[in-house]
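What follows is the content of target_38.txt, which has compact mmCIF, C-alpha atoms:
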# COMPACT_ATOMS: atom_id res chain seq x y z
CA MET A 255 0.00 0.00 0.00
CA SER A 256 1.05 3.52 -0.67
CA SER A 257 1.53 6.09 2.05
CA THR A 258 -1.64 7.88 0.95
CA GLU A 259 -3.74 4.74 1.37
CA LEU A 260 -2.19 4.04 4.75
CA LEU A 261 -2.91 7.62 5.80
CA ALA A 262 -6.52 7.31 4.66
CA ILE A 263 -6.98 4.01 6.48
CA GLY A 264 -5.42 5.48 9.62
CA THR A 265 -7.69 8.52 9.45
CA VAL A 266 -10.81 6.39 8.98
CA GLY A 267 -9.74 4.12 11.85
CA THR A 268 -9.11 7.08 14.10
CA VAL A 269 -12.51 8.59 13.31
CA LEU A 270 -14.29 5.27 13.86
CA GLY A 271 -12.40 4.61 17.07
CA GLY A 272 -13.10 8.08 18.39
CA THR A 273 -16.77 7.75 17.48
CA LEU A 274 -16.96 4.38 19.26
CA LEU A 275 -15.26 5.75 22.37
CA ALA A 276 -17.55 8.79 22.37
CA TRP A 277 -20.61 6.52 22.06
CA ILE A 278 -19.43 4.30 24.93
CA ALA A 279 -18.70 7.34 27.10
CA LEU A 280 -22.13 8.77 26.29
CA MET A 281 -23.85 5.50 27.21
CA LEU A 282 -21.95 5.31 30.49
CA LEU A 283 -22.52 8.95 31.39
CA ALA A 284 -26.14 9.14 30.20
CA PRO A 285 -27.71 8.41 33.64
CA ARG A 286 -25.46 10.95 35.36
CA LEU A 287 -26.14 13.50 32.65
CA ARG A 288 -29.88 12.93 33.03
CA ARG A 289 -29.69 13.44 36.79
CA PHE A 290 -27.57 16.55 36.27
CA GLN A 291 -30.18 17.86 33.80
CA GLU A 292 -33.05 17.27 36.23
CA ASP A 293 -31.17 18.92 39.09
CA PHE A 294 -30.12 21.83 36.85
CA ILE A 295 -33.69 22.45 35.65
CA GLN A 296 -35.12 22.21 39.16
CA ARG A 297 -32.58 24.62 40.62
CA SER A 298 -32.86 27.09 37.74
CA GLN A 299 -36.66 27.17 38.08
CA ALA A 300 -36.37 27.81 41.82
CA HIS A 301 -33.84 30.60 41.25
CA ALA A 302 -35.99 32.11 38.51
CA ARG A 303 -38.99 32.21 40.85
CA ALA A 304 -36.81 33.83 43.51
CA PHE A 305 -35.73 36.55 41.06
CA VAL A 306 -39.28 36.93 39.66
CA VAL A 307 -38.18 36.24 36.09
CA ARG A 308 -39.28 33.77 33.46
CA VAL A 309 -36.57 31.42 32.22
CA ASP A 310 -36.85 28.43 29.92
CA SER A 311 -34.89 25.96 32.04
CA GLY A 312 -34.58 23.39 29.25
CA LEU A 313 -33.19 25.97 26.83
CA LEU A 314 -30.84 27.28 29.52
CA PHE A 315 -29.54 23.74 30.12
CA LEU A 316 -28.93 23.14 26.41
CA LEU A 317 -27.22 26.52 26.09
CA THR A 318 -24.99 25.78 29.09
CA ILE A 319 -24.00 22.34 27.81
CA GLY A 320 -23.44 23.70 24.30
CA VAL A 321 -21.22 26.55 25.45
CA ALA A 322 -19.28 24.30 27.85
CA SER A 323 -18.75 21.62 25.19
CA GLY A 324 -17.71 24.15 22.55
CA ALA A 325 -15.27 25.86 24.89
CA ALA A 326 -13.82 22.48 25.94
CA ALA A 327 -13.38 21.47 22.30
CA MET A 328 -11.65 24.76 21.48
CA THR A 329 -9.40 24.33 24.52
CA TRP A 330 -8.44 20.83 23.41
CA ILE A 331 -7.73 22.02 19.86
CA ALA A 332 -5.60 24.89 21.15
CA THR A 333 -3.63 22.89 23.73
CA LEU A 334 -3.97 19.27 22.52
CA LYS A 335 -4.28 18.33 26.20
CA LEU A 336 -7.20 16.57 27.83
CA THR A 337 -6.87 18.01 31.34
CA PRO A 338 -7.47 21.68 30.42
CA ALA A 339 -10.40 20.65 28.22
CA ILE A 340 -12.07 18.68 31.03
CA THR A 341 -11.42 21.52 33.47
CA THR A 342 -13.04 24.00 31.09
CA LEU A 343 -16.04 21.71 30.56
CA VAL A 344 -16.68 21.18 34.28
CA THR A 345 -16.13 24.84 35.17
CA LEU A 346 -18.52 26.20 32.55
CA ALA A 347 -21.11 23.51 33.30
CA LEU A 348 -21.16 24.50 36.99
CA LEU A 349 -20.85 28.25 36.36
CA PRO A 350 -24.63 29.00 36.11
CA ARG A 351 -25.31 27.27 39.44
CA LEU A 352 -22.53 29.22 41.15
CA LEU A 353 -23.70 32.46 39.55
CA PHE A 354 -27.31 31.90 40.63
CA ARG A 355 -26.18 31.12 44.18
CA PHE A 356 -24.05 34.27 44.31
CA LEU A 357 -26.90 36.45 43.02
CA GLN A 358 -29.36 34.85 45.44
CA GLN A 359 -27.09 35.48 48.43
CA ARG A 360 -26.59 39.09 47.33
CA ARG A 361 -30.35 39.54 47.00
CA HIS A 362 -30.91 38.16 50.50
CA LYS A 363 -28.33 40.60 51.88
CA GLN A 364 -30.11 43.47 50.12
CA VAL A 365 -33.43 42.46 51.67
CA ASP A 366 -31.86 42.15 55.12
CA ALA A 367 -30.29 45.59 54.82
CA GLN A 368 -33.71 47.17 54.11
CA TRP A 369 -35.72 45.51 56.87
CA ALA A 370 -34.85 47.85 59.76
CA ASP A 371 -35.90 51.08 58.03
CA SER A 372 -38.94 49.43 56.44
CA LEU A 373 -40.21 48.08 59.77
CA THR A 374 -39.80 51.51 61.34
CA LEU A 375 -41.86 52.99 58.51
CA LEU A 376 -44.46 50.22 58.85
CA SER A 377 -44.76 50.95 62.57
CA GLY A 378 -45.34 54.62 61.81
CA LEU A 379 -48.06 53.76 59.29
CA LEU A 380 -49.82 51.59 61.88
CA ARG A 381 -49.62 54.38 64.46
CA ALA A 382 -51.18 56.71 61.87
CA GLY A 383 -54.31 54.54 61.92
CA LEU A 384 -53.88 52.25 58.92
CA SER A 385 -54.72 48.58 59.09
CA LEU A 386 -51.96 46.01 58.71
CA ASN A 387 -52.95 45.17 55.13
CA GLY A 388 -53.21 48.84 54.22
CA ALA A 389 -49.88 49.61 55.87
CA LEU A 390 -48.21 46.74 54.00
CA ALA A 391 -49.65 48.00 50.70
CA GLN A 392 -48.43 51.52 51.42
CA LEU A 393 -45.01 50.19 52.43
CA ALA A 394 -44.75 48.13 49.23
CA GLU A 395 -45.42 51.26 47.16
CA GLN A 396 -42.79 53.31 48.97
CA THR A 397 -40.06 50.66 49.21
CA ARG A 398 -37.59 50.19 46.37
CA GLY A 399 -35.16 47.41 45.61
CA ALA A 400 -35.46 43.72 46.37
CA LEU A 401 -37.59 44.18 49.49
CA GLY A 402 -40.08 46.29 47.53
CA VAL A 403 -40.53 43.44 45.05
CA GLU A 404 -41.07 40.91 47.86
CA LEU A 405 -43.59 43.14 49.63
CA ALA A 406 -45.45 43.78 46.39
CA LEU A 407 -45.74 40.04 45.78
CA MET A 408 -47.02 39.51 49.32
CA VAL A 409 -49.62 42.29 48.99
CA ARG A 410 -50.76 40.93 45.62
CA ALA A 411 -51.19 37.46 47.11
CA GLN A 412 -53.30 38.89 49.94
CA ARG A 413 -55.52 40.75 47.48
CA LEU A 414 -56.12 37.44 45.71
CA GLY A 415 -57.39 35.94 48.97
CA GLU A 416 -54.29 34.37 50.47
CA PRO A 417 -54.16 34.57 54.30
CA LEU A 418 -51.44 36.69 55.86
CA GLU A 419 -49.92 33.65 57.60
CA GLN A 420 -49.51 31.89 54.26
CA SER A 421 -48.01 35.03 52.70
CA LEU A 422 -45.48 35.24 55.52
CA ALA A 423 -44.60 31.56 55.11
CA THR A 424 -44.07 32.09 51.38
CA LEU A 425 -41.89 35.13 52.10
CA CYS A 426 -39.75 33.06 54.48
CA VAL A 427 -39.29 30.42 51.78
CA ARG A 428 -38.31 33.00 49.17
CA VAL A 429 -36.02 34.96 51.52
CA PRO A 430 -34.85 32.50 54.22
CA THR A 431 -32.91 34.98 56.35
CA GLU A 432 -32.88 35.47 60.11
CA SER A 433 -34.47 38.92 59.85
CA THR A 434 -37.35 37.64 57.73
CA ASN A 435 -37.97 34.70 60.06
CA LEU A 436 -37.89 37.03 63.08
CA LEU A 437 -40.45 39.36 61.50
CA ALA A 438 -42.73 36.49 60.44
CA SER A 439 -42.63 34.91 63.91
CA ALA A 440 -43.35 38.24 65.60
CA LEU A 441 -46.31 38.95 63.33
CA ARG A 442 -47.77 35.47 63.78
CA VAL A 443 -47.53 35.63 67.57
CA THR A 444 -48.97 39.15 67.69
CA LEU A 445 -51.89 38.29 65.40
CA GLU A 446 -52.71 35.19 67.46
CA THR A 447 -52.32 36.64 70.95
CA GLY A 448 -52.96 40.33 70.35
CA GLY A 449 -50.90 43.26 71.57
CA GLY A 450 -49.37 46.43 70.25
CA LEU A 451 -48.23 45.55 66.75
CA ALA A 452 -46.49 48.88 66.22
CA GLU A 453 -44.37 48.41 69.36
CA ILE A 454 -43.49 44.84 68.31
CA LEU A 455 -42.36 46.05 64.88
CA GLU A 456 -40.22 48.78 66.46
CA ARG A 457 -38.54 46.20 68.68
CA CYS A 458 -37.94 43.94 65.68
CA ALA A 459 -36.41 46.86 63.80
CA ALA A 460 -34.14 47.67 66.76
CA THR A 461 -33.11 44.00 67.08
CA ILE A 462 -32.34 43.71 63.37
CA GLN A 463 -30.38 46.96 63.38
CA ALA A 464 -28.33 45.88 66.41
CA ARG A 465 -27.58 42.50 64.85
CA GLN A 466 -26.47 44.21 61.62
CA GLN A 467 -24.13 46.46 63.57
CA ILE A 468 -22.59 43.45 65.31
CA GLU A 469 -22.22 41.67 61.96
CA SER A 470 -20.46 44.73 60.52
CA LYS A 471 -18.00 44.72 63.42
CA VAL A 472 -17.38 40.98 63.01
CA HIS A 473 -16.78 41.38 59.28
CA ALA A 474 -14.35 44.23 59.95
CA LEU A 475 -12.43 42.16 62.52
CA THR A 476 -12.24 39.08 60.25
CA ALA A 477 -11.39 41.02 57.07
CA GLN A 478 -7.65 40.58 57.70
CA GLY A 479 -8.05 36.80 58.01
CA VAL A 480 -10.07 36.65 54.80
CA LEU A 481 -7.42 38.67 52.95
CA GLN A 482 -4.66 36.43 54.29
CA ALA A 483 -6.61 33.39 53.12
CA TRP A 484 -6.89 34.80 49.60
CA VAL A 485 -3.20 35.68 49.48
CA VAL A 486 -1.98 32.35 50.86
CA GLY A 487 -4.33 30.42 48.58
CA ALA A 488 -3.39 32.35 45.46
CA LEU A 489 0.40 32.27 45.96
CA PRO A 490 0.96 28.63 44.87
CA LEU A 491 -1.21 29.07 41.79
CA LEU A 492 0.47 32.34 40.81
CA LEU A 493 3.88 30.79 41.35
CA LEU A 494 2.95 27.85 39.11
CA LEU A 495 1.73 30.19 36.37
CA VAL A 496 4.82 32.40 36.60
CA LEU A 497 7.15 29.40 36.42
CA SER A 498 5.19 28.07 33.45
CA VAL A 499 5.99 31.28 31.57
CA VAL A 500 9.50 31.99 32.87
CA ALA A 501 10.87 28.44 33.14
CA PRO A 502 8.58 26.00 31.30
CA SER A 503 11.04 23.14 31.78
CA LEU A 504 10.35 23.20 35.54
CA THR A 505 6.58 22.82 35.16
CA ASP A 506 6.26 20.61 32.09
CA VAL A 507 6.03 17.58 34.35
CA PHE A 508 2.75 18.96 35.75
CA TRP A 509 1.11 19.55 32.37
CA ASN A 510 2.43 16.70 30.23
CA THR A 511 2.61 13.65 32.50
CA THR A 512 0.02 11.56 34.30
CA PRO A 513 1.71 11.92 37.73
CA GLY A 514 1.76 15.66 37.13
CA HIS A 515 -1.98 15.63 36.45
CA PHE A 516 -2.56 13.76 39.71
CA ALA A 517 -0.35 16.28 41.49
CA LEU A 518 -2.41 19.15 40.06
CA GLY A 519 -5.58 17.41 41.22
CA ALA A 520 -4.12 16.98 44.71
CA ILE A 521 -3.11 20.65 44.75
CA GLY A 522 -6.62 21.65 43.77
CA LEU A 523 -8.17 19.49 46.50
CA LEU A 524 -5.79 20.87 49.13
CA GLU A 525 -6.51 24.44 48.01
CA LEU A 526 -10.26 23.79 48.24
CA SER A 527 -9.92 22.14 51.65
CA GLY A 528 -7.88 25.04 52.96
CA ALA A 529 -10.42 27.56 51.65
CA ILE A 530 -13.27 25.67 53.34
CA VAL A 531 -11.41 25.45 56.66
CA ILE A 532 -10.50 29.14 56.66
CA ARG A 533 -14.07 30.05 55.72
CA LYS A 534 -15.33 28.04 58.70
CA ILE A 535 -12.88 29.84 60.98
CA VAL A 536 -13.74 33.39 59.90
CA ASN A 537 -17.48 32.75 59.40
CA ILE A 538 -18.91 33.68 62.80
CA ASP A 539 -22.66 33.42 63.30
CA VAL A 540 -24.15 36.40 65.09
Would you mind writing the file out in structure tokens?
Amino acid sequence: MSSTELLAIGTVGTVLGGTLLAWIALMLLAPRLRRFQEDFIQRSQAHARAFVVRVDSGLLFLLTIGVASGAAAMTWIATLKLTPAITTLVTLALLPRLLFRFLQQRRHKQVDAQWADSLTLLSGLLRAGLSLNGALAQLAEQTRGALGVELALMVRAQRLGEPLEQSLATLCVRVPTESTNLLASALRVTLETGGGLAEILERCAATIQARQQIESKVHALTAQGVLQAWVVGALPLLLLLVLSVVAPSLTDVFWNTTPGHFALGAIGLLELSGAIVIRKIVNIDV
């Protein structure tokens, strides 16, 4: 056979072998991919309801998988290495979940930051003679930001006939923070036993404001530890990247050999473990 025929046969064999391996991998990973899809859709729907937006979860999943697969393929073509391609695939596949979680936590912090002033205003509206439902409606109109959206949803549900207790329970599910749970518990107890609702709301506002002040002090005192954690955690990675550029011969063993890949995996696990431990140390519940 000529070299051209051998090259053609080798190319066809490579394509067939790659196709067979891809099919086997797909068959083995199909159950896990299906579970990942179900979990992804469920979480994205829950996050979409929390942000009061409409999202096609199935389309979002396909878009995420498509972008992650395309980026992984481009990484493999550019580097001809499997480890960076797999890292890119996993990172981009998990990126929407991490982004949703970050945005949800930021939204909860925004709601918590608005509760103290809003409860003081609600207490004033009750002292002015408004009923609780009327005061909540007036507060929803005057409040901006994330808390304004949550109050508007609660007022709309009450106008549709939902009891106040159910609206408070729904609010606690949507915004599961300590301030929201404190307010809901205080309102439930006051509505069941009676008492001065305006005074209770003022005490809740004072409690929430005092807790926020303590949290601010704790964050200020632990800021140095958090910064040290970032610096210590980033130094090995930065050193590895710098050596890869300045002296590639010293780091080729990490990128081009199987033991090096295992070493990189161990480094990643140790970095993650250290970050979790330091986060537990500096994360003080108030």
Show which residues sit within 12 Å of segment 416-421 of chain A, as a ChimeraX atom specification. Count only C-alpha atoms, and ignore same-chain residues fewer than 3 positions away. /A:386-387,390,404-413,424-428,437-446
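Our summary of the geometry notes that atom CA of Gln463 of chain A is positioned 21.1 Å from atom CA of Ala389 of chain A.
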Which residues come within 7 Å of segment 318-327 of chain A, counting all atoms listed in the file, excluding same-chain residues fewer than 4 positions away, as a CSV table (one decimal) with C-alpha atoms, in the coordinates of the input?
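out_3.csv was written with the following content:
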chain,number,residue,atom,x,y,z
A,314,LEU,CA,-30.8,27.3,29.5
A,331,ILE,CA,-7.7,22.0,19.9
A,339,ALA,CA,-10.4,20.6,28.2
A,340,ILE,CA,-12.1,18.7,31.0
A,342,THR,CA,-13.0,24.0,31.1
A,343,LEU,CA,-16.0,21.7,30.6
A,346,LEU,CA,-18.5,26.2,32.6
A,347,ALA,CA,-21.1,23.5,33.3
Interatomic distance, atom CA of Ala452 of chain A to atom CA of Leu379 of chain A (Å, one decimal):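 Atom-to-atom, atom CA of Ala452 of chain A to atom CA of Leu379 of chain A, that is 8.6 Å.
What separates atom CA of Lys471 of chain A from atom CA of Arg355 of chain A is a distance of 24.9 Å.
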Starting from the point (-38.3, 49.4, 61.7), work out which residues of protein, DNA or RNA have an atom no more than 9 Å away when counting all atoms listed in the file; state them as an MDAnalysis selection string. chainID A and resid 369:378 455:460 462:463
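Comparing the minimum interatomic distances between Val536 of chain A and each of A:Gln482, A:Pro430, A:Val507, A:Ala394, counting all atoms listed in the file, we find that A:Gln482 sits nearest.
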At a cut-off of 12 Å around the point (-5.8, 30.5, 49.4) (file coordinates), what residues fall inside when counting only C-alpha atoms? I'd like the answer as a list in words.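 Taken together, the residues in range are Gly479, Val480, Leu481, Gln482, Ala483, Trp484, Val485, Val486, Gly487, Ala488, Leu489, Pro490, Leu491, Leu492, Ile521, Gly522, Leu523, Leu524, Glu525, Leu526, Ser527, Gly528, Ala529, Ile530, Val531, Ile532 and Arg533 of chain A.
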Name the closest residue to Leu384 of chain A among the candidates A:Gly415, A:Arg288, A:Gly402, A:Leu451; distances are taken between atoms, counting only C-alpha atoms.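 Nearest to Leu384 of chain A: A:Leu451.
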For Val429 of chain A, the closest of A:Leu313, A:Val496, A:Val403, A:Val365 counting all atoms listed in the file is A:Val365
Quick one: residues within 12 Å of segment 513-515 of chain A, all atoms listed in the file counted, chain neighbours fewer than 5 positions away excluded, as a ChimeraX atom specification? /A:335-338,340-341,504-508,520-522
